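Participant: Have a look at this one.
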Amino acid sequence: MSTGLVPDPVARQPWTVILPLLALVTFGATVLYSAAGGSLRPWALTHFLRFFVFLAMAIVISRVRKDTFKQLAYPIYGLTVLLLVLVELIGGIGGGSQRWLNLGFMTLQPSELMKPVIVLVLARFYDDLPPSMTASWRALVPAAALLVLPAGLVMIQPDLGTGLAISFGAVVVVFLAGVPLWWFIAAGTAALVAAPVAFFTLLHDYQRQRVFVFLDPAADPLGTGYHILQSTIAIGSGGLVGKGFGNGSQSHLDYLPEAHTDFVFATMAEEWGMLGGLFVIGTFAWVLGWGWRVALSAPDRFAQLLAGGMVFTMFFYVCINLMMVMGLAPVVGIPLPFMSHGGSSMMTNMICVGTIMAVANWSRSGTGTLA
Amino acid sequence: MWPFGRRERARQTMGRHISTGTLANSFDRRAVVIGSVQGGIGLLLAARMGYIALFQNERYKTLAESNRVNLSLIPPRRGWILDRHGTPLATNRTDFRVDLVPERLVDPERTVSELGSLLKLSPVQLQDLSDKIKRSRGFQPVEVAAKLDFDTFSAISVRLPEMPGVIPQRGYLRYYPTGPAVAHLIGYVGPASAEDYEVDRNPLLITPGYKVGKDGLEKEFETTLRGVPGARRTEVTATGRVVRDLSMREDVPGNPIRLTIDGQLQDYAARRIGLESAAVVVIDCQTGGILALVSMPAFDPNSFVGGIGRLQWKMLNEDDHIPLLNKALRGLYPPGSTMKPMATLALQQHGVDPAERVSCPGGYRLGSRFFRCDAVHGSVDMRQAIEHSCNTYFWSMAHRVGYDAIAPVARLLGLGQEFDLPGTRQRYGTIPDAAWKMRRYKQEWTAADSLNASIGQGYVSVSPLQLAVMTARIASGRTLNPSLIHGRPQPLGPALPFTPEQFAVTHDGMFGVVNGRGTAVASKLAVPGVQMAGKTGTAQVRALVSRGHVGDWKSRDHSLFIGYAPTDAPRYAVSVVVEHGTFGARAAAPIARDVLTFLFDPGRAWDTLLAMEKTWGGTPTERMEARYRAYVAKVGTGAPSVGDDEAVAQAITEADNTEAPVENVGTTPDTVREEPPQTDPRDANPRPATTPEARPRAAAGAEPAAVAEPVTAPKGGQP
C-alpha cells in the first residue's frame with residue numbers, strides 16, 4: 001500500500017473518509033465560531049479538539065480484530081444496558097428525567113452509546129444464527145428482545161428521538177440480515193394501524209404537541225412552532241451564497257433556538273447559503289457512500305451487517321436532523337453529526353466511523369490489527 | 001412488485017435451503033435498496049433546501065428582516081396650547097417612563113410585583129396598576145410609571161430580559177404648568193381607548209406613551225395638536241433587547257393653538273377663588289376674547305395623564321364642591337340682582353324715565369301678597385335702584401312694562417344663549433316666559449312669576465359665561481360674542497337697540513354700586529385712576545329654608561358679581577359666581593376686584609393673594625396634594641375601581657346634573673330678597689366662607705329681611 005513518500009502507518013489510514021470528515025468538522029467549527037459572536041470559545045475550539053480525540057479513538061477501534069469485536073459484542077451490550085438502568089435509577093432518585101452520567105471530563109449519554117452497540121450485538125446475533133433459521137421465528141424473537149430492552153429504557157426516559165434511532169438501526173440490521181421481506185410488510189402495516197393508537201396513548205403531551213406543530217407550524221408561531229419557523233427563516237433567508245460569515249441575524253440575535261447544537265445547519269445555511277448546504281449534504285453523501293462500499297466489500301456476514309448498520313446509524317442522525325431544520329420532520333433532539341456542538345453525538349459517530357474503518361481493515365486481509 | 005422479494009419467497013416455496021451465499025446476495029441487494037433510499041432522501045433534502053433558499057428566498061428574507069428590525073413609532077410631541085401672550089398653558093416635558101403590554105407578559109403577577117419593588121410603588125399605586133391591566137384589551141400599553149429619575153429608569157432597563165412585555169422609554173409627557181387652573185378650559189389627555197383603536201387601526205394608538213385629547217380643547221383640537229409620529233428602526237434580539245439603532249425619523253410636533261386666554265390671569269383667578277367653589281369669567285370688551293374662564297375647585301390634569309387612579313377618582317367624586325363640573329360653562333345659577341342693570345336697559349327701551357322715582361316702603365304689594373325688599377330704601381330713581389339694589393323699584397316697573405319687555409332684552413344681551421366656542425359644552429339655562437312655563441310646567445304665567453324673574457330669581461338660570469357676556473355687552477354697548485382662539489374674534493351681532501344716553505344711566509348705576517354708596521363699595525379698585533363698575537347679586541338656592549347666609553353650606557345663597565373696568569373706557573368685563581358664598585358683596589365682589597386689579601397692577605394683586613394663600617394652606621395644587629395624601633392615609637386601597645373612558649365621561653355628566661338650582665327654586669318662586677346695603681366697607685370680609693358670622697347686618701334694620709312672606713295669601717304679611 002505504501003507509496004514510499006509517506007510512512008506506511010500514515011498512508012494506511014483511510015484518508016478518503018478522514019479528509020472529508022476533517023473538512024466537515026472544520027466547517028462546523030467555523031460556524032460555531034461565528035455563532036459565538038466571532039469567538040473560539042465556548043464552542044469552536046472544543047468542537048475541533050474533540051474531533052481529534054475521537055479520531056484517535058476511531059483509529060484505535062479500526063485496529064481491533066474481528067474476533068475481538070465478536071467476543072465483546074454481548075459484554076458491551078450488557079454493560080450499556082446496565083448504564084441505561086443506572087441513569088434511570090439516578091433520575092428516579094433525583095426526581096426528574098436524567099439522560100446522562102457525569103464522567104468528569106464529559107457527560108456520557110448511555111442512550112447515545114446504545115446506537116452503535118445495538119448494531120454490533122445484532123450483527124453478532126445474525127452471524128451466529130444458522131442461515132437456515134433466517135426465515136424462522138428464531139431469527140426474530142431474540143433480536144426483538146435485544147432491541148426492546150434498551151429501546152424501552154430510552155423511551156421511558158423519555159427520549160423519543162434516540163429511542164427511534166436505536167430502533168431504526170436495529171430494524172435495518174434485521175432487514176440486511178435477510179429475514180423474509182413479508183415480515184417487514186406485515187410489521188409496517190401493523191405499525192400503520194398501531195401508530196395512531198400509540199400516538200394518542202403512549203406519547204407525552206409535549207411530544208404530541210411537537211407533531212401537531214410540525215403539521216402546522218404557523219398555527220402557533222410564538223409557541224412550539226417557533227423553532228421550525230425560525231429555522232426555516234434562517235435557511236430560506238440565506239439564499240444561494242448566504243449572508244456572509246458572521247452576518248447571520250437569526251442566530252446572532254437569538255431568534256434561532258439551539259443555534260449551536262440541533263439547529264447548527266440553519267445557522268450555517270443562513271451565513272453560507274445553498275452552497276454551504278450542498279457542501280454539507282454532499283460530504284455526508286461521500287462519507288456514507290464510502291461506508292456502503294466498505295460494507296459491500298466486507299469479508300463476511302458479521303462485517304457486512306456491522307458496517308451496514310453503522311452507516312445507517314450515521315445516516316439516521318443526518319436525515320432526521322436535516323429534515324427537522326428544514327421543516328420536514330417534527331422537532332426531535334437529534335444533532336447533526338460533526339457539525340453540532342456536543343460530545344456524545346461526536347463520540348457515537350466516530351465509533352461508527354471507527355467500526356467501518358475496522359471492517360475496511362478486515363477486508364484487507366487483517367494486516368496489523370490489535371488484540 | 002419487489003422483484004427480489006418474490007424471488008426469495010419463490011426460493012422458499014421451492015424448498016431451497018437458505019445458505020450463506022443466498023444471504024450474502026440478499027445483503028447486497030438490500031444494501032443497494034437502502035443506499036438508494038438514502039440517496040433519494042439526500043436529493044429530497046437538497047431540493048427542499050433549494051426550494052426555501054432559492055425560490056422562497058425573498059419571503060424568508062423579509063421574515064428575517066422583520067425579526068431583526070423593530071420598527072417602533074415615536075409618539076409625536078403634541079402641539080402646545082398657548083395663551084394670548086404666547087406663554088404655554090400646555091407643553092411637553094421630557095420624561096422617562098415605563099409601560100407594559102399585558103398581552104406580552106409571561107408571568108403578569110411576578111412582573112407587576114417586580115416592577116412594584118423596582119419602582120417603589122405604594123399599595124394604592126399597585127392597585128391602580130392592576131386595575132389598568134385588567135381594563136386594557138391586552139394589546140394596549142398600560143402606563144406603569146412616568147416622571148422617573150434616570151437611575152430608576154436604568155434599573156428597569158437592565159432587568160428587561162427577565163421582564164418581557166415591559167417597555168421603558170424616553171418620551172414626552174403632557175404638562176400643564178398651572179395644573180388645575182386650566183383643567184376645565186383645556187381638558188386633559190390620556191391613552192387612546194380600546195374603542196378608539198378598534199375604529200382606527202392606527203398602530204400609533206397603541207404605541208406606549210401616545211396620548212389623545214380626552215376633554216375640552218385637547219379633544220376638540222386633536223387633529224391640530226397631534227402631529228406626525230417619528231419612527232425608529234432598531235436591531236433587536238429575540239428577547240427584545242436593542243442591539244443598535246439602524247435609522248430614525250424625527251417626529252413632527254403638532255401645531256400649537258393660541259388662545260385668547262391670559263394665562264397669568266387664568267392662574268391668578270383660579271388661585272384667588274381659594275377654598276370656595278366658584279367660577280370666574282373675564283372678557284375683553286374690545287374683541288370679546290375670553291381672558292379667563294375659570295372653574296374651581298378642579299382636578300389636576302397633570303395627574304390624569306397616565307390614567308386616573310382609584311383614590312383620586314373617589315376623592316373627586318365625593319367632593320361636594322364638584323371639581324369635575326365646569327361651573328363657568330355648565331353651572332347654572334339664578335342671576336339674582338345681577339339682572340338689574342340689564343333690566344334698566346329694558347325699562348328705558350319701553351319708555352321709563354330714568355329720573356322717575358319710586359318709593360320703597362320696604363316691599364311691594366301684589367294683590368294679597370307682599371314681596372319684601374331688603375330695606376326701606378325710600379324714594380329711588382333708576383340709578384339709585386341699581387346702586388342700592390332696590391327690588392321694589394324693579395317690581396313696580398316690571399309690573400308696569402310687563403315682564404315680556406324684559407325677557408327679550410335679557411336674551412339680546414346673551415342670557416339664555418349658547419355661544420360658538422370650540423371645545424366647550426355649554427348649558428344655556430333659562431330665560432323664562434309664558435310660553436316656556438306652559439311648555440315646561442303646563443301652568444299659566446303669573447304676575448308673581450314676572451316679579452321674581454325681573455330680579456333674576458324664580459325660573460331664571462344663567463351661566464357665569466353668559467353673565468360675563470352680558471356685562472361686556474352692557475359695558476361696550478356692542479353685541480360682542482365671546483371667542484377663545486386668538487386672532488379669530490367672533491363677528492359682532494346685530495347692533496343693540498339702546499341709545500348712548502340709556503347706556504349711560506345703567507353705567508352710572510353700576511358705577512354707584514362700587515364707587516358711590518352702593519352694595520359693593522368695599523370692593524373698589526385700589527389702583528390709581530382705574531375704577532370698576534359692577535353689580536352684586538345674591539341668589540337664593542332654596543325656597544323657604546332658613547336664612548340663606550347661615551346653616552349648612554349647601555343651603556346658603558349663591559354669591560354673584562358682575563363688573564367692568566375701567567369705567568371711563570371699559571376694557572375688561574368680569575363675572576364671578578361663588579356657590580353658596582352668601583351675599584354677592586361678601587364673596588364674589590372681592591374676587592372680581594382682585595382679578596381686575598391683577599390686570600392693572602399685578603404686583604398689588606399678588607400681594608393680596610399670597611397673604612391669603614398662607615391661611616388657605618398653599619396653592620390649589622399643593623392643597624390638592626395634601627388632601628390626596630390625607631385621603632390615601634384614610635381610605636387606603638379600599639376605593640372602588642375607576643371605569644373606562646365612557647364611565648368617566650358619564651360621571652362627569654352626572655356631576656353636571658347634581659346642581660339643579662333652577663328647578664329647586666323655580667317651583668316655589670315667591671321668595672325674593674337682596675343683600676343688605678353695606679354702609680361700612682371695613683366689614684366686608686374677603687374670606688366669607690370661613691367666617692360666616694361676620695355678616696354686616698347692623699345697618700339693614702330688617703333682621704328677617706331674607707325671608708319672604710308665606711305663599712298662603714290670607715295670612716300673608718299685611719304691612
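In the C-alpha cells, chains take the letters A, B, ... in the order shown, each chain's residues start at 1, and ligands count up from 1 in the order shown.
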Up to 8 Å from chain A, what residues of chain B turn up? Count only C-alpha atoms and give them as a PyMOL selection string.

Facilitator: chain B and resi 5+8-9+17-20+23-24+26-28+30-31+35+38-39+41-42+45-46+48-50+52-54+56-64+67-68+236-239

Participant: Go ahead and write the selection's residues with N, CA and C atoms as a short mmCIF file (atom, residue, chain, number, x, y, z; two decimals), in the first residue's frame.

Facilitator:
data_model
loop_
_atom_site.label_atom_id
_atom_site.label_comp_id
_atom_site.auth_asym_id
_atom_site.auth_seq_id
_atom_site.Cartn_x
_atom_site.Cartn_y
_atom_site.Cartn_z
N GLY B 5 -37.91 -9.70 -3.50
CA GLY B 5 -38.75 -10.38 -2.51
C GLY B 5 -39.41 -11.59 -3.14
N GLU B 8 -37.09 -14.40 -3.49
CA GLU B 8 -36.78 -15.06 -2.23
C GLU B 8 -37.88 -16.01 -1.81
N ARG B 9 -39.13 -15.45 -1.90
CA ARG B 9 -40.24 -16.29 -1.49
C ARG B 9 -40.33 -17.52 -2.41
N HIS B 17 -32.77 -24.56 0.25
CA HIS B 17 -32.11 -24.26 1.51
C HIS B 17 -31.48 -22.88 1.46
N ILE B 18 -31.69 -22.11 2.56
CA ILE B 18 -31.08 -20.79 2.63
C ILE B 18 -29.64 -20.97 3.07
N SER B 19 -28.73 -20.53 2.23
CA SER B 19 -27.31 -20.72 2.51
C SER B 19 -26.64 -19.38 2.78
N THR B 20 -25.40 -19.44 3.21
CA THR B 20 -24.62 -18.23 3.41
C THR B 20 -24.55 -17.41 2.14
N LEU B 23 -27.75 -15.46 1.52
CA LEU B 23 -27.84 -14.34 2.45
C LEU B 23 -26.94 -13.20 1.99
N ALA B 24 -25.73 -13.57 1.51
CA ALA B 24 -24.80 -12.53 1.05
C ALA B 24 -25.39 -11.79 -0.15
N SER B 26 -28.58 -11.52 -0.77
CA SER B 26 -29.67 -10.71 -0.23
C SER B 26 -29.13 -9.43 0.39
N PHE B 27 -28.00 -9.55 1.13
CA PHE B 27 -27.42 -8.36 1.75
C PHE B 27 -27.07 -7.32 0.69
N ASP B 28 -26.44 -7.80 -0.38
CA ASP B 28 -26.04 -6.87 -1.43
C ASP B 28 -27.24 -6.13 -2.00
N ARG B 30 -30.26 -5.74 -0.71
CA ARG B 30 -30.96 -4.86 0.23
C ARG B 30 -30.12 -3.62 0.57
N ALA B 31 -28.80 -3.79 0.60
CA ALA B 31 -27.93 -2.64 0.87
C ALA B 31 -28.09 -1.61 -0.24
N GLY B 35 -29.32 2.04 0.33
CA GLY B 35 -28.46 3.12 -0.15
C GLY B 35 -29.20 4.03 -1.12
N GLN B 38 -31.54 6.21 0.74
CA GLN B 38 -30.79 7.27 1.40
C GLN B 38 -30.39 8.35 0.41
N GLY B 39 -29.95 7.89 -0.76
CA GLY B 39 -29.60 8.88 -1.78
C GLY B 39 -30.80 9.72 -2.18
N ILE B 41 -33.34 10.42 -0.29
CA ILE B 41 -33.62 11.38 0.78
C ILE B 41 -32.64 12.55 0.70
N GLY B 42 -31.38 12.22 0.37
CA GLY B 42 -30.40 13.30 0.22
C GLY B 42 -30.81 14.28 -0.87
N LEU B 45 -33.66 16.35 0.36
CA LEU B 45 -33.22 17.42 1.26
C LEU B 45 -32.61 18.57 0.47
N ALA B 46 -31.81 18.21 -0.53
CA ALA B 46 -31.20 19.27 -1.34
C ALA B 46 -32.27 20.06 -2.08
N ARG B 48 -35.41 20.40 -1.16
CA ARG B 48 -36.14 21.20 -0.17
C ARG B 48 -35.36 22.46 0.16
N MET B 49 -34.07 22.29 0.31
CA MET B 49 -33.26 23.45 0.65
C MET B 49 -33.27 24.46 -0.49
N GLY B 50 -33.16 23.91 -1.71
CA GLY B 50 -33.22 24.81 -2.86
C GLY B 50 -34.53 25.56 -2.92
N ILE B 52 -36.63 26.41 -0.38
CA ILE B 52 -36.81 27.51 0.58
C ILE B 52 -35.72 28.57 0.43
N ALA B 53 -34.52 28.15 0.04
CA ALA B 53 -33.43 29.14 -0.01
C ALA B 53 -33.38 29.89 -1.33
N LEU B 54 -33.87 29.27 -2.40
CA LEU B 54 -33.81 29.96 -3.69
C LEU B 54 -35.18 30.50 -4.10
N GLN B 56 -38.09 30.60 -2.34
CA GLN B 56 -38.79 31.41 -1.35
C GLN B 56 -37.86 32.35 -0.62
N ASN B 57 -36.72 32.58 -1.23
CA ASN B 57 -35.70 33.40 -0.58
C ASN B 57 -36.22 34.79 -0.19
N GLU B 58 -36.93 35.42 -1.12
CA GLU B 58 -37.43 36.77 -0.85
C GLU B 58 -38.33 36.80 0.38
N ARG B 59 -39.23 35.83 0.43
CA ARG B 59 -40.18 35.77 1.52
C ARG B 59 -39.45 35.61 2.87
N TYR B 60 -38.50 34.68 2.90
CA TYR B 60 -37.82 34.44 4.17
C TYR B 60 -36.86 35.56 4.52
N LYS B 61 -36.33 36.22 3.49
CA LYS B 61 -35.50 37.39 3.76
C LYS B 61 -36.32 38.45 4.48
N THR B 62 -37.54 38.64 3.97
CA THR B 62 -38.42 39.63 4.59
C THR B 62 -38.72 39.25 6.03
N LEU B 63 -39.01 37.94 6.21
CA LEU B 63 -39.32 37.50 7.56
C LEU B 63 -38.12 37.69 8.49
N ALA B 64 -36.93 37.39 7.98
CA ALA B 64 -35.74 37.55 8.81
C ALA B 64 -35.53 39.02 9.15
N ASN B 67 -37.90 40.07 11.73
CA ASN B 67 -37.42 39.59 13.03
C ASN B 67 -36.38 40.56 13.59
N ARG B 68 -35.44 40.85 12.72
CA ARG B 68 -34.25 41.56 13.14
C ARG B 68 -34.56 43.02 13.45
N VAL B 236 -33.05 44.28 17.05
CA VAL B 236 -33.37 43.74 18.36
C VAL B 236 -33.14 42.24 18.40
N THR B 237 -32.85 41.74 19.58
CA THR B 237 -32.74 40.30 19.76
C THR B 237 -34.12 39.73 19.99
N ALA B 238 -34.16 38.39 20.03
CA ALA B 238 -35.44 37.72 20.22
C ALA B 238 -36.09 38.14 21.53
N THR B 239 -35.30 38.48 22.53
CA THR B 239 -35.87 38.88 23.81
C THR B 239 -36.20 40.37 23.84
#

Participant: Using DSSP assignments from the backbone, pull out every residue in region 439-637 of chain B that falls under strand (DSSP E or B) and give it to me as a list in words.

Facilitator: Ser461, Val462, Ser483, Ile485, Ala533, Gly534, Lys535, Thr536, Gly537, Thr538, Ala539, His558, Ser559, Leu560, Phe561, Ile562, Gly563, Tyr564, Ala565, Tyr572, Ala573, Val574, Ser575, Val576, Val577 and Val578 of chain B

Participant: Please write the residues from the selection above to a file, keeping N, CA and C atoms, as a PDB file, in the first residue's frame.

Facilitator:
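Result written to again-v3.pdb:
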ATOM      1  N   SER B 461     -82.269  81.059  35.104  1.00  0.00           N
ATOM      2  CA  SER B 461     -80.966  80.474  35.431  1.00  0.00           C
ATOM      3  C   SER B 461     -80.002  80.771  34.296  1.00  0.00           C
ATOM      4  N   VAL B 462     -78.809  81.151  34.682  1.00  0.00           N
ATOM      5  CA  VAL B 462     -77.811  81.536  33.685  1.00  0.00           C
ATOM      6  C   VAL B 462     -76.460  80.970  34.092  1.00  0.00           C
ATOM      7  N   SER B 483     -64.963  84.715  22.260  1.00  0.00           N
ATOM      8  CA  SER B 483     -64.140  83.831  21.433  1.00  0.00           C
ATOM      9  C   SER B 483     -62.995  83.296  22.289  1.00  0.00           C
ATOM     10  N   ILE B 485     -60.188  81.453  20.490  1.00  0.00           N
ATOM     11  CA  ILE B 485     -58.989  81.279  19.673  1.00  0.00           C
ATOM     12  C   ILE B 485     -58.438  82.653  19.320  1.00  0.00           C
ATOM     13  N   ALA B 533     -66.973  99.411  37.737  1.00  0.00           N
ATOM     14  CA  ALA B 533     -68.418  99.470  37.937  1.00  0.00           C
ATOM     15  C   ALA B 533     -68.912  98.044  38.041  1.00  0.00           C
ATOM     16  N   GLY B 534     -70.026  97.841  38.740  1.00  0.00           N
ATOM     17  CA  GLY B 534     -70.456  96.459  38.875  1.00  0.00           C
ATOM     18  C   GLY B 534     -71.840  96.319  39.444  1.00  0.00           C
ATOM     19  N   LYS B 535     -72.184  95.132  39.751  1.00  0.00           N
ATOM     20  CA  LYS B 535     -73.469  94.857  40.404  1.00  0.00           C
ATOM     21  C   LYS B 535     -73.347  93.541  41.159  1.00  0.00           C
ATOM     22  N   THR B 536     -73.763  93.599  42.393  1.00  0.00           N
ATOM     23  CA  THR B 536     -73.754  92.374  43.196  1.00  0.00           C
ATOM     24  C   THR B 536     -75.026  91.584  42.958  1.00  0.00           C
ATOM     25  N   GLY B 537     -74.994  90.330  43.344  1.00  0.00           N
ATOM     26  CA  GLY B 537     -76.199  89.527  43.289  1.00  0.00           C
ATOM     27  C   GLY B 537     -76.133  88.441  44.347  1.00  0.00           C
ATOM     28  N   THR B 538     -77.291  88.171  44.930  1.00  0.00           N
ATOM     29  CA  THR B 538     -77.348  87.086  45.904  1.00  0.00           C
ATOM     30  C   THR B 538     -78.495  86.199  45.485  1.00  0.00           C
ATOM     31  N   ALA B 539     -78.203  85.002  45.096  1.00  0.00           N
ATOM     32  CA  ALA B 539     -79.243  84.149  44.532  1.00  0.00           C
ATOM     33  C   ALA B 539     -79.613  83.070  45.510  1.00  0.00           C
ATOM     34  N   HIS B 558     -76.133  81.640  46.735  1.00  0.00           N
ATOM     35  CA  HIS B 558     -75.015  81.861  45.828  1.00  0.00           C
ATOM     36  C   HIS B 558     -74.660  83.339  45.830  1.00  0.00           C
ATOM     37  N   SER B 559     -73.378  83.593  45.732  1.00  0.00           N
ATOM     38  CA  SER B 559     -72.908  84.958  45.729  1.00  0.00           C
ATOM     39  C   SER B 559     -72.432  85.297  44.321  1.00  0.00           C
ATOM     40  N   LEU B 560     -72.963  86.395  43.737  1.00  0.00           N
ATOM     41  CA  LEU B 560     -72.611  86.739  42.366  1.00  0.00           C
ATOM     42  C   LEU B 560     -72.119  88.177  42.263  1.00  0.00           C
ATOM     43  N   PHE B 561     -71.311  88.419  41.258  1.00  0.00           N
ATOM     44  CA  PHE B 561     -70.900  89.784  40.970  1.00  0.00           C
ATOM     45  C   PHE B 561     -70.577  89.893  39.493  1.00  0.00           C
ATOM     46  N   ILE B 562     -71.070  90.986  38.875  1.00  0.00           N
ATOM     47  CA  ILE B 562     -70.610  91.302  37.527  1.00  0.00           C
ATOM     48  C   ILE B 562     -69.986  92.684  37.580  1.00  0.00           C
ATOM     49  N   GLY B 563     -69.001  92.933  36.749  1.00  0.00           N
ATOM     50  CA  GLY B 563     -68.384  94.251  36.774  1.00  0.00           C
ATOM     51  C   GLY B 563     -67.531  94.481  35.549  1.00  0.00           C
ATOM     52  N   TYR B 564     -67.108  95.710  35.386  1.00  0.00           N
ATOM     53  CA  TYR B 564     -66.194  96.021  34.305  1.00  0.00           C
ATOM     54  C   TYR B 564     -65.300  97.173  34.725  1.00  0.00           C
ATOM     55  N   ALA B 565     -64.185  97.320  34.037  1.00  0.00           N
ATOM     56  CA  ALA B 565     -63.246  98.378  34.348  1.00  0.00           C
ATOM     57  C   ALA B 565     -62.406  98.615  33.105  1.00  0.00           C
ATOM     58  N   TYR B 572     -62.292  95.554  30.370  1.00  0.00           N
ATOM     59  CA  TYR B 572     -62.477  94.181  30.839  1.00  0.00           C
ATOM     60  C   TYR B 572     -63.836  94.036  31.516  1.00  0.00           C
ATOM     61  N   ALA B 573     -64.520  92.966  31.185  1.00  0.00           N
ATOM     62  CA  ALA B 573     -65.767  92.649  31.878  1.00  0.00           C
ATOM     63  C   ALA B 573     -65.569  91.344  32.637  1.00  0.00           C
ATOM     64  N   VAL B 574     -66.115  91.289  33.842  1.00  0.00           N
ATOM     65  CA  VAL B 574     -65.895  90.107  34.661  1.00  0.00           C
ATOM     66  C   VAL B 574     -67.211  89.635  35.255  1.00  0.00           C
ATOM     67  N   SER B 575     -67.332  88.318  35.401  1.00  0.00           N
ATOM     68  CA  SER B 575     -68.438  87.802  36.206  1.00  0.00           C
ATOM     69  C   SER B 575     -67.864  86.787  37.183  1.00  0.00           C
ATOM     70  N   VAL B 576     -68.396  86.813  38.382  1.00  0.00           N
ATOM     71  CA  VAL B 576     -67.948  85.883  39.413  1.00  0.00           C
ATOM     72  C   VAL B 576     -69.173  85.256  40.042  1.00  0.00           C
ATOM     73  N   VAL B 577     -69.179  83.931  40.130  1.00  0.00           N
ATOM     74  CA  VAL B 577     -70.241  83.253  40.868  1.00  0.00           C
ATOM     75  C   VAL B 577     -69.577  82.380  41.920  1.00  0.00           C
ATOM     76  N   VAL B 578     -69.893  82.636  43.176  1.00  0.00           N
ATOM     77  CA  VAL B 578     -69.380  81.801  44.254  1.00  0.00           C
ATOM     78  C   VAL B 578     -70.547  80.986  44.783  1.00  0.00           C
TER      79      VAL B 578
END

Participant: Could you give me, as a PyMOL selection string, the residues within 12 Å of Leu82 (chain A), counting only C-alpha atoms and dropping anything in the same chain fewer than 6 positions from it?

Facilitator: chain A and resi 75-76+88-89+110-111+113-114+149-150+153

Participant: Please produce a file of those selected residues containing C-alpha atoms, as a short mmCIF file (atom, residue, chain, number, x, y, z; two decimals), in the first residue's frame.

Facilitator:
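File produced: out_20.cif:
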data_model
loop_
_atom_site.label_atom_id
_atom_site.label_comp_id
_atom_site.auth_asym_id
_atom_site.auth_seq_id
_atom_site.Cartn_x
_atom_site.Cartn_y
_atom_site.Cartn_z
CA PRO A 75 -20.50 -7.91 27.22
CA ILE A 76 -20.59 -4.37 25.81
CA GLU A 88 -32.91 5.63 35.06
CA LEU A 89 -32.27 4.97 38.76
CA PRO A 110 -25.64 5.77 27.54
CA SER A 111 -28.54 6.02 25.10
CA LEU A 113 -23.76 4.67 23.09
CA MET A 114 -26.57 2.21 22.55
CA LEU A 149 -34.97 -3.81 26.40
CA PRO A 150 -32.71 -0.82 25.65
CA LEU A 153 -35.44 2.09 28.67
#

Participant: Record the distance separating CA of Pro75 (chain B) and CA of Gly230 (chain B), expressed in Å with one decimal.

Facilitator: 6.6 Å

Participant: Excluding region 158-174 of chain B and residues on its chain fewer than 6 positions from it, collect all residues at most 6 Å away from it, counting only C-alpha atoms, and give them as a PyMOL selection string.

Facilitator: chain B and resi 91-101+104-105

Participant: With only C-alpha atoms as the basis for distance, which of B:Ala588, B:Leu329, B:Ile290, B:Ile34 is at the shortest distance from Ser277 (chain B)?

Facilitator: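 Using only C-alpha atoms, the shortest distance to Ser277 (chain B) belongs to B:Ala588.
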
Participant: Could you tell me how far CA of Lys132 (chain B) sits from CA of Val228 (chain B), in Å to one decimal place?

Facilitator: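 CA of Val228 (chain B) sits 27.1 Å away from CA of Lys132 (chain B).
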
Participant: Which value, in Å to one decimal, gives the distance between CA of Ala346 (chain B) and CA of Val513 (chain B)?

Facilitator: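 We find that CA of Ala346 (chain B) and CA of Val513 (chain B) lie 19.3 Å from each other.
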
Participant: Counting only C-alpha atoms, what is within 9 Å of Ala231 (chain B), bar same-chain residues fewer than 2 positions away, as a list in words?

Facilitator: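 These residues fall inside the cut-off: Leu71, Ser72, Leu73, Ile74, Pro75, Pro229, Arg233, Ser247, Met248, Arg249, Glu250 and Asp251 of chain B.
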
Participant: Could you dump the residues just selected with N, CA and C atoms as a compact mmCIF listing (two decimals), in the first residue's frame?

Facilitator:
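The resulting out13.txt:
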# COMPACT_ATOMS: atom_id res chain seq x y z
N LEU B 71 -39.46 48.14 14.14
CA LEU B 71 -39.86 49.50 13.78
C LEU B 71 -40.76 50.02 14.88
N SER B 72 -40.29 50.97 15.64
CA SER B 72 -41.15 51.50 16.69
C SER B 72 -41.48 52.94 16.39
N LEU B 73 -42.73 53.24 16.61
CA LEU B 73 -43.18 54.60 16.36
C LEU B 73 -42.77 55.48 17.52
N ILE B 74 -42.42 56.70 17.21
CA ILE B 74 -42.14 57.68 18.25
C ILE B 74 -43.36 58.59 18.32
N PRO B 75 -44.05 58.57 19.43
CA PRO B 75 -45.24 59.42 19.52
C PRO B 75 -44.86 60.87 19.25
N PRO B 229 -46.08 61.11 13.76
CA PRO B 229 -45.15 60.32 14.56
C PRO B 229 -43.82 60.12 13.86
N ARG B 233 -35.90 52.63 13.69
CA ARG B 233 -35.62 51.25 13.30
C ARG B 233 -34.46 50.77 14.13
N SER B 247 -31.87 53.33 11.98
CA SER B 247 -32.16 54.64 11.42
C SER B 247 -33.31 55.23 12.21
N MET B 248 -33.50 56.52 12.00
CA MET B 248 -34.51 57.18 12.82
C MET B 248 -35.10 58.34 12.04
N ARG B 249 -36.40 58.48 12.14
CA ARG B 249 -37.07 59.63 11.54
C ARG B 249 -37.69 60.43 12.68
N GLU B 250 -37.33 61.69 12.75
CA GLU B 250 -37.84 62.52 13.85
C GLU B 250 -39.36 62.70 13.70
N ASP B 251 -40.01 62.86 14.81
CA ASP B 251 -41.43 63.17 14.75
C ASP B 251 -41.62 64.64 14.35

Participant: Can you tell me which residues surround region 23-32 of chain A at a distance of at most 6 Å, considering only C-alpha atoms, apart from same-chain residues fewer than 5 positions away, and format the answer as a VMD selection string?

Facilitator: chain A and resid 43 to 44 268 338 to 339

Participant: Which residue is closest to Tyr175 (chain B)? Choose from B:Pro301, B:Pro108, B:Gly190, B:Gly86 and count only C-alpha atoms.

Facilitator: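 Under the stated criterion, the closest residue is B:Pro301.
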